[in-house]
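Novice: See data-v7.pdb below, with PDB, N, CA and C atoms and all ligand atoms.
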ATOM      1  N   MET G   1      52.382 -71.823  44.079  1.00  0.00           N
ATOM      2  CA  MET G   1      52.487 -70.388  43.802  1.00  0.00           C
ATOM      3  C   MET G   1      53.551 -70.092  42.736  1.00  0.00           C
ATOM      4  N   SER G   2      54.489 -71.015  42.598  1.00  0.00           N
ATOM      5  CA  SER G   2      55.579 -70.797  41.643  1.00  0.00           C
ATOM      6  C   SER G   2      55.065 -70.724  40.209  1.00  0.00           C
ATOM      7  N   LYS G   3      55.622 -69.836  39.461  1.00  0.00           N
ATOM      8  CA  LYS G   3      55.300 -69.752  38.038  1.00  0.00           C
ATOM      9  C   LYS G   3      56.216 -70.652  37.227  1.00  0.00           C
ATOM     10  N   ALA G   4      57.115 -71.362  37.925  1.00  0.00           N
ATOM     11  CA  ALA G   4      58.056 -72.274  37.270  1.00  0.00           C
ATOM     12  C   ALA G   4      57.797 -73.709  37.716  1.00  0.00           C
ATOM     13  N   GLN G   5      56.528 -74.064  38.001  1.00  0.00           N
ATOM     14  CA  GLN G   5      56.165 -75.409  38.454  1.00  0.00           C
ATOM     15  C   GLN G   5      56.807 -76.490  37.593  1.00  0.00           C
ATOM     16  N   PRO G   6      57.305 -77.560  38.156  1.00  0.00           N
ATOM     17  CA  PRO G   6      57.256 -77.909  39.570  1.00  0.00           C
ATOM     18  C   PRO G   6      58.421 -77.344  40.368  1.00  0.00           C
ATOM     19  N   PHE G   7      59.160 -76.427  39.797  1.00  0.00           N
ATOM     20  CA  PHE G   7      60.336 -75.896  40.479  1.00  0.00           C
ATOM     21  C   PHE G   7      60.007 -74.623  41.242  1.00  0.00           C
ATOM     22  N   CYS G   8      60.700 -74.451  42.345  1.00  0.00           N
ATOM     23  CA  CYS G   8      60.512 -73.277  43.200  1.00  0.00           C
ATOM     24  C   CYS G   8      61.098 -72.032  42.532  1.00  0.00           C
ATOM     25  N   ASP G   9      60.345 -70.929  42.580  1.00  0.00           N
ATOM     26  CA  ASP G   9      60.871 -69.656  42.087  1.00  0.00           C
ATOM     27  C   ASP G   9      60.909 -68.613  43.192  1.00  0.00           C
ATOM     28  N   GLY G  10      60.685 -69.075  44.456  1.00  0.00           N
ATOM     29  CA  GLY G  10      60.738 -68.170  45.605  1.00  0.00           C
ATOM     30  C   GLY G  10      59.409 -67.526  45.947  1.00  0.00           C
ATOM     31  N   SER G  11      58.358 -67.790  45.172  1.00  0.00           N
ATOM     32  CA  SER G  11      57.049 -67.163  45.408  1.00  0.00           C
ATOM     33  C   SER G  11      56.439 -67.544  46.749  1.00  0.00           C
ATOM     34  N   HIS G  12      56.867 -68.659  47.364  1.00  0.00           N
ATOM     35  CA  HIS G  12      56.305 -69.128  48.628  1.00  0.00           C
ATOM     36  C   HIS G  12      56.679 -68.241  49.813  1.00  0.00           C
ATOM     37  N   LYS G  13      57.692 -67.440  49.678  1.00  0.00           N
ATOM     38  CA  LYS G  13      58.201 -66.656  50.807  1.00  0.00           C
ATOM     39  C   LYS G  13      57.102 -65.802  51.422  1.00  0.00           C
ATOM     40  N   GLY G  14      56.937 -65.947  52.754  1.00  0.00           N
ATOM     41  CA  GLY G  14      55.907 -65.211  53.471  1.00  0.00           C
ATOM     42  C   GLY G  14      54.596 -65.961  53.547  1.00  0.00           C
ATOM     43  N   GLY G  15      54.512 -67.132  52.923  1.00  0.00           N
ATOM     44  CA  GLY G  15      53.287 -67.914  52.924  1.00  0.00           C
ATOM     45  C   GLY G  15      53.438 -69.196  53.709  1.00  0.00           C
ATOM     46  N   ALA G  16      52.444 -70.080  53.613  1.00  0.00           N
ATOM     47  CA  ALA G  16      52.425 -71.323  54.382  1.00  0.00           C
ATOM     48  C   ALA G  16      53.192 -72.456  53.715  1.00  0.00           C
ATOM     49  N   PHE G  17      53.555 -72.303  52.455  1.00  0.00           N
ATOM     50  CA  PHE G  17      54.205 -73.384  51.724  1.00  0.00           C
ATOM     51  C   PHE G  17      55.723 -73.305  51.830  1.00  0.00           C
ATOM     52  N   VAL G  18      56.345 -74.480  51.779  1.00  0.00           N
ATOM     53  CA  VAL G  18      57.809 -74.539  51.768  1.00  0.00           C
ATOM     54  C   VAL G  18      58.235 -75.451  50.625  1.00  0.00           C
ATOM     55  N   PRO G  19      59.383 -75.184  50.032  1.00  0.00           N
ATOM     56  CA  PRO G  19      59.840 -76.023  48.929  1.00  0.00           C
ATOM     57  C   PRO G  19      60.350 -77.373  49.416  1.00  0.00           C
ATOM     58  N   THR G  20      60.310 -78.361  48.540  1.00  0.00           N
ATOM     59  CA  THR G  20      60.859 -79.688  48.811  1.00  0.00           C
ATOM     60  C   THR G  20      62.098 -79.871  47.947  1.00  0.00           C
ATOM     61  N   LYS G  21      63.209 -80.235  48.595  1.00  0.00           N
ATOM     62  CA  LYS G  21      64.450 -80.430  47.867  1.00  0.00           C
ATOM     63  C   LYS G  21      64.458 -81.796  47.206  1.00  0.00           C
ATOM     64  N   TYR G  22      64.899 -81.847  45.968  1.00  0.00           N
ATOM     65  CA  TYR G  22      65.073 -83.115  45.277  1.00  0.00           C
ATOM     66  C   TYR G  22      66.493 -83.169  44.747  1.00  0.00           C
ATOM     67  N   SER G  23      67.217 -84.232  45.076  1.00  0.00           N
ATOM     68  CA  SER G  23      68.578 -84.430  44.574  1.00  0.00           C
ATOM     69  C   SER G  23      68.587 -85.600  43.606  1.00  0.00           C
ATOM     70  N   ALA G  24      69.056 -85.374  42.417  1.00  0.00           N
ATOM     71  CA  ALA G  24      69.175 -86.440  41.421  1.00  0.00           C
ATOM     72  C   ALA G  24      70.483 -87.177  41.682  1.00  0.00           C
ATOM     73  N   ASP G  25      70.384 -88.298  42.414  1.00  0.00           N
ATOM     74  CA  ASP G  25      71.575 -89.041  42.802  1.00  0.00           C
ATOM     75  C   ASP G  25      72.044 -90.016  41.732  1.00  0.00           C
ATOM     76  N   GLU G  26      71.185 -90.258  40.744  1.00  0.00           N
ATOM     77  CA  GLU G  26      71.560 -91.137  39.646  1.00  0.00           C
ATOM     78  C   GLU G  26      70.834 -90.680  38.389  1.00  0.00           C
ATOM     79  N   SER G  27      71.300 -91.135  37.258  1.00  0.00           N
ATOM     80  CA  SER G  27      70.700 -90.757  35.994  1.00  0.00           C
ATOM     81  C   SER G  27      69.543 -91.697  35.686  1.00  0.00           C
ATOM     82  N   LYS G  28      68.311 -91.202  35.793  1.00  0.00           N
ATOM     83  CA  LYS G  28      67.122 -91.991  35.471  1.00  0.00           C
ATOM     84  C   LYS G  28      65.947 -91.045  35.257  1.00  0.00           C
ATOM     85  N   THR G  29      64.902 -91.536  34.644  1.00  0.00           N
ATOM     86  CA  THR G  29      63.718 -90.738  34.401  1.00  0.00           C
ATOM     87  C   THR G  29      62.842 -90.716  35.642  1.00  0.00           C
ATOM     88  N   VAL G  30      62.410 -89.532  36.094  1.00  0.00           N
ATOM     89  CA  VAL G  30      61.488 -89.404  37.213  1.00  0.00           C
ATOM     90  C   VAL G  30      60.360 -88.460  36.784  1.00  0.00           C
ATOM     91  N   TYR G  31      59.251 -88.553  37.472  1.00  0.00           N
ATOM     92  CA  TYR G  31      58.108 -87.695  37.184  1.00  0.00           C
ATOM     93  C   TYR G  31      57.773 -86.898  38.426  1.00  0.00           C
ATOM     94  N   PHE G  32      57.794 -85.571  38.314  1.00  0.00           N
ATOM     95  CA  PHE G  32      57.446 -84.713  39.441  1.00  0.00           C
ATOM     96  C   PHE G  32      55.933 -84.589  39.530  1.00  0.00           C
ATOM     97  N   CYS G  33      55.437 -84.538  40.755  1.00  0.00           N
ATOM     98  CA  CYS G  33      54.000 -84.405  41.008  1.00  0.00           C
ATOM     99  C   CYS G  33      53.550 -82.984  40.672  1.00  0.00           C
ATOM    100  N   GLY G  34      52.495 -82.896  39.893  1.00  0.00           N
ATOM    101  CA  GLY G  34      51.929 -81.605  39.564  1.00  0.00           C
ATOM    102  C   GLY G  34      50.617 -81.356  40.272  1.00  0.00           C
ATOM    103  N   CYS G  35      50.051 -82.401  40.891  1.00  0.00           N
ATOM    104  CA  CYS G  35      48.749 -82.254  41.551  1.00  0.00           C
ATOM    105  C   CYS G  35      48.881 -81.905  43.022  1.00  0.00           C
ATOM    106  N   LYS G  36      50.076 -82.019  43.564  1.00  0.00           N
ATOM    107  CA  LYS G  36      50.385 -81.690  44.967  1.00  0.00           C
ATOM    108  C   LYS G  36      49.696 -82.617  45.969  1.00  0.00           C
ATOM    109  N   GLN G  37      49.293 -83.798  45.538  1.00  0.00           N
ATOM    110  CA  GLN G  37      48.634 -84.744  46.434  1.00  0.00           C
ATOM    111  C   GLN G  37      49.469 -86.002  46.664  1.00  0.00           C
ATOM    112  N   SER G  38      50.615 -86.121  46.037  1.00  0.00           N
ATOM    113  CA  SER G  38      51.454 -87.313  46.160  1.00  0.00           C
ATOM    114  C   SER G  38      51.936 -87.511  47.595  1.00  0.00           C
ATOM    115  N   LYS G  39      51.995 -88.769  48.015  1.00  0.00           N
ATOM    116  CA  LYS G  39      52.548 -89.101  49.334  1.00  0.00           C
ATOM    117  C   LYS G  39      54.032 -89.452  49.203  1.00  0.00           C
ATOM    118  N   ASN G  40      54.572 -89.210  48.029  1.00  0.00           N
ATOM    119  CA  ASN G  40      55.974 -89.508  47.743  1.00  0.00           C
ATOM    120  C   ASN G  40      56.770 -88.220  47.533  1.00  0.00           C
ATOM    121  N   GLY G  41      56.465 -87.214  48.341  1.00  0.00           N
ATOM    122  CA  GLY G  41      57.197 -85.958  48.241  1.00  0.00           C
ATOM    123  C   GLY G  41      56.990 -85.278  46.904  1.00  0.00           C
ATOM    124  N   ALA G  42      58.073 -84.885  46.280  1.00  0.00           N
ATOM    125  CA  ALA G  42      58.011 -84.145  45.022  1.00  0.00           C
ATOM    126  C   ALA G  42      57.716 -85.037  43.824  1.00  0.00           C
ATOM    127  N   LEU G  43      57.764 -86.349  44.048  1.00  0.00           N
ATOM    128  CA  LEU G  43      57.598 -87.270  42.926  1.00  0.00           C
ATOM    129  C   LEU G  43      56.178 -87.819  42.837  1.00  0.00           C
ATOM    130  N   CYS G  44      55.699 -88.010  41.632  1.00  0.00           N
ATOM    131  CA  CYS G  44      54.374 -88.572  41.373  1.00  0.00           C
ATOM    132  C   CYS G  44      54.302 -90.002  41.897  1.00  0.00           C
ATOM    133  N   ASP G  45      53.197 -90.328  42.595  1.00  0.00           N
ATOM    134  CA  ASP G  45      52.973 -91.712  43.058  1.00  0.00           C
ATOM    135  C   ASP G  45      51.690 -92.273  42.462  1.00  0.00           C
ATOM    136  N   GLY G  46      51.113 -91.590  41.489  1.00  0.00           N
ATOM    137  CA  GLY G  46      49.910 -92.077  40.833  1.00  0.00           C
ATOM    138  C   GLY G  46      48.611 -91.580  41.457  1.00  0.00           C
ATOM    139  N   THR G  47      48.695 -90.849  42.571  1.00  0.00           N
ATOM    140  CA  THR G  47      47.500 -90.351  43.253  1.00  0.00           C
ATOM    141  C   THR G  47      46.639 -89.506  42.319  1.00  0.00           C
ATOM    142  N   HIS G  48      47.259 -88.795  41.378  1.00  0.00           N
ATOM    143  CA  HIS G  48      46.508 -87.912  40.477  1.00  0.00           C
ATOM    144  C   HIS G  48      45.433 -88.669  39.701  1.00  0.00           C
ATOM    145  N   LYS G  49      45.601 -89.980  39.514  1.00  0.00           N
ATOM    146  CA  LYS G  49      44.627 -90.757  38.741  1.00  0.00           C
ATOM    147  C   LYS G  49      43.280 -90.859  39.447  1.00  0.00           C
ATOM    148  N   ALA G  50      43.273 -90.673  40.762  1.00  0.00           N
ATOM    149  CA  ALA G  50      42.036 -90.796  41.541  1.00  0.00           C
ATOM    150  C   ALA G  50      41.393 -89.445  41.831  1.00  0.00           C
ATOM    151  N   LEU G  51      41.945 -88.372  41.332  1.00  0.00           N
ATOM    152  CA  LEU G  51      41.390 -87.045  41.634  1.00  0.00           C
ATOM    153  C   LEU G  51      40.253 -86.693  40.691  1.00  0.00           C
TER
HETATM  154  S1  LIG R   1      50.798 -85.756  39.555  1.00  0.00           S
HETATM  155 FE1  LIG R   1      50.501 -85.788  41.670  1.00  0.00          FE
HETATM  156  S2  LIG R   1      50.466 -87.878  42.142  1.00  0.00           S
HETATM  157 FE2  LIG R   1      50.817 -87.833  40.010  1.00  0.00          FE
END
Starting from the file, give its structure as structure tokens.
Ligand code: FES
Specialist:
Amino acid sequence: MSKAQPFCDGSHKGGAFVPTKYSADESKTVYFCGCKQSKNGALCDGTHKAL
């Protein structure tokens, strides 16, 4: 629902969705999931390739 995907903008309030917190504990490149089917939380696990 967020217009700032993949980041939360508060649009979920009152709905069934809840945000997932991600903490960058180290400096490295990560890819956030945009298909919402990843089994790795907010991060892409390659599932989008099979959709
Ligand atoms: S974008 Fe969702 S698994 Fe890669």
Novice: When you draw a straight line from CA of Lys3 (chain G) to CA of Tyr22 (chain G), how long is it in Å?
Specialist: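 Computing it gives 18.1 Å between the two atoms.
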Novice: Determine, using only N, CA and C atoms and all ligand atoms, which residues of chain G have any atom at most 7 Å from an atom of ligand LIG 1 (chain R), and tabulate each with its shortest atom pair and distance in Å to one decimal place, rows ordered by chain and then rising number, as a Markdown table.
Specialist:
| residue | atom | partner | partner_atom | distance |
| --- | --- | --- | --- | --- |
| G:Phe32 | C | R:LIG1 | S1 | 5.3 |
| G:Cys33 | CA | R:LIG1 | S1 | 3.8 |
| G:Gly34 | N | R:LIG1 | S1 | 3.3 |
| G:Cys35 | N | R:LIG1 | FE1 | 3.5 |
| G:Lys36 | N | R:LIG1 | FE1 | 4.2 |
| G:Gln37 | N | R:LIG1 | FE1 | 4.5 |
| G:Ser38 | CA | R:LIG1 | S2 | 4.2 |
| G:Lys39 | N | R:LIG1 | S2 | 6.1 |
| G:Leu43 | C | R:LIG1 | S2 | 5.8 |
| G:Cys44 | CA | R:LIG1 | FE2 | 3.9 |
| G:Asp45 | N | R:LIG1 | S2 | 3.7 |
| G:Gly46 | N | R:LIG1 | S2 | 3.8 |
| G:Thr47 | N | R:LIG1 | S2 | 3.5 |
| G:His48 | N | R:LIG1 | S2 | 3.4 |
| G:Lys49 | N | R:LIG1 | FE2 | 5.7 |
Novice: Pull the helix (DSSP H, G or I) assignments for chain G out of DSSP run on the backbone, and list those residues as an MDAnalysis selection string.
Specialist: chainID G and resid 47:50
Novice: Name the residues captured by the PyMOL selection byres (((chain G and resi 18-20) around 8) and not hetatm) when it is applied to the shown file; answer as number ranges by chain.
Specialist: G: 7-8, 12-13, 15-17, 21-23, 41-42
Novice: Between CA of Glu26 (chain G) and CA of Asp9 (chain G), what distance in Å does the model show, to one decimal?
Specialist: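 CA of Asp9 (chain G) lies at a distance of 24.1 Å from CA of Glu26 (chain G).
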Novice: Please measure the separation of atom N of Gly10 (chain G) and atom C of Ser27 (chain G), giving the value in Å to one decimal.
Specialist: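 Atom N of Gly10 (chain G) sits 25.8 Å away from atom C of Ser27 (chain G).
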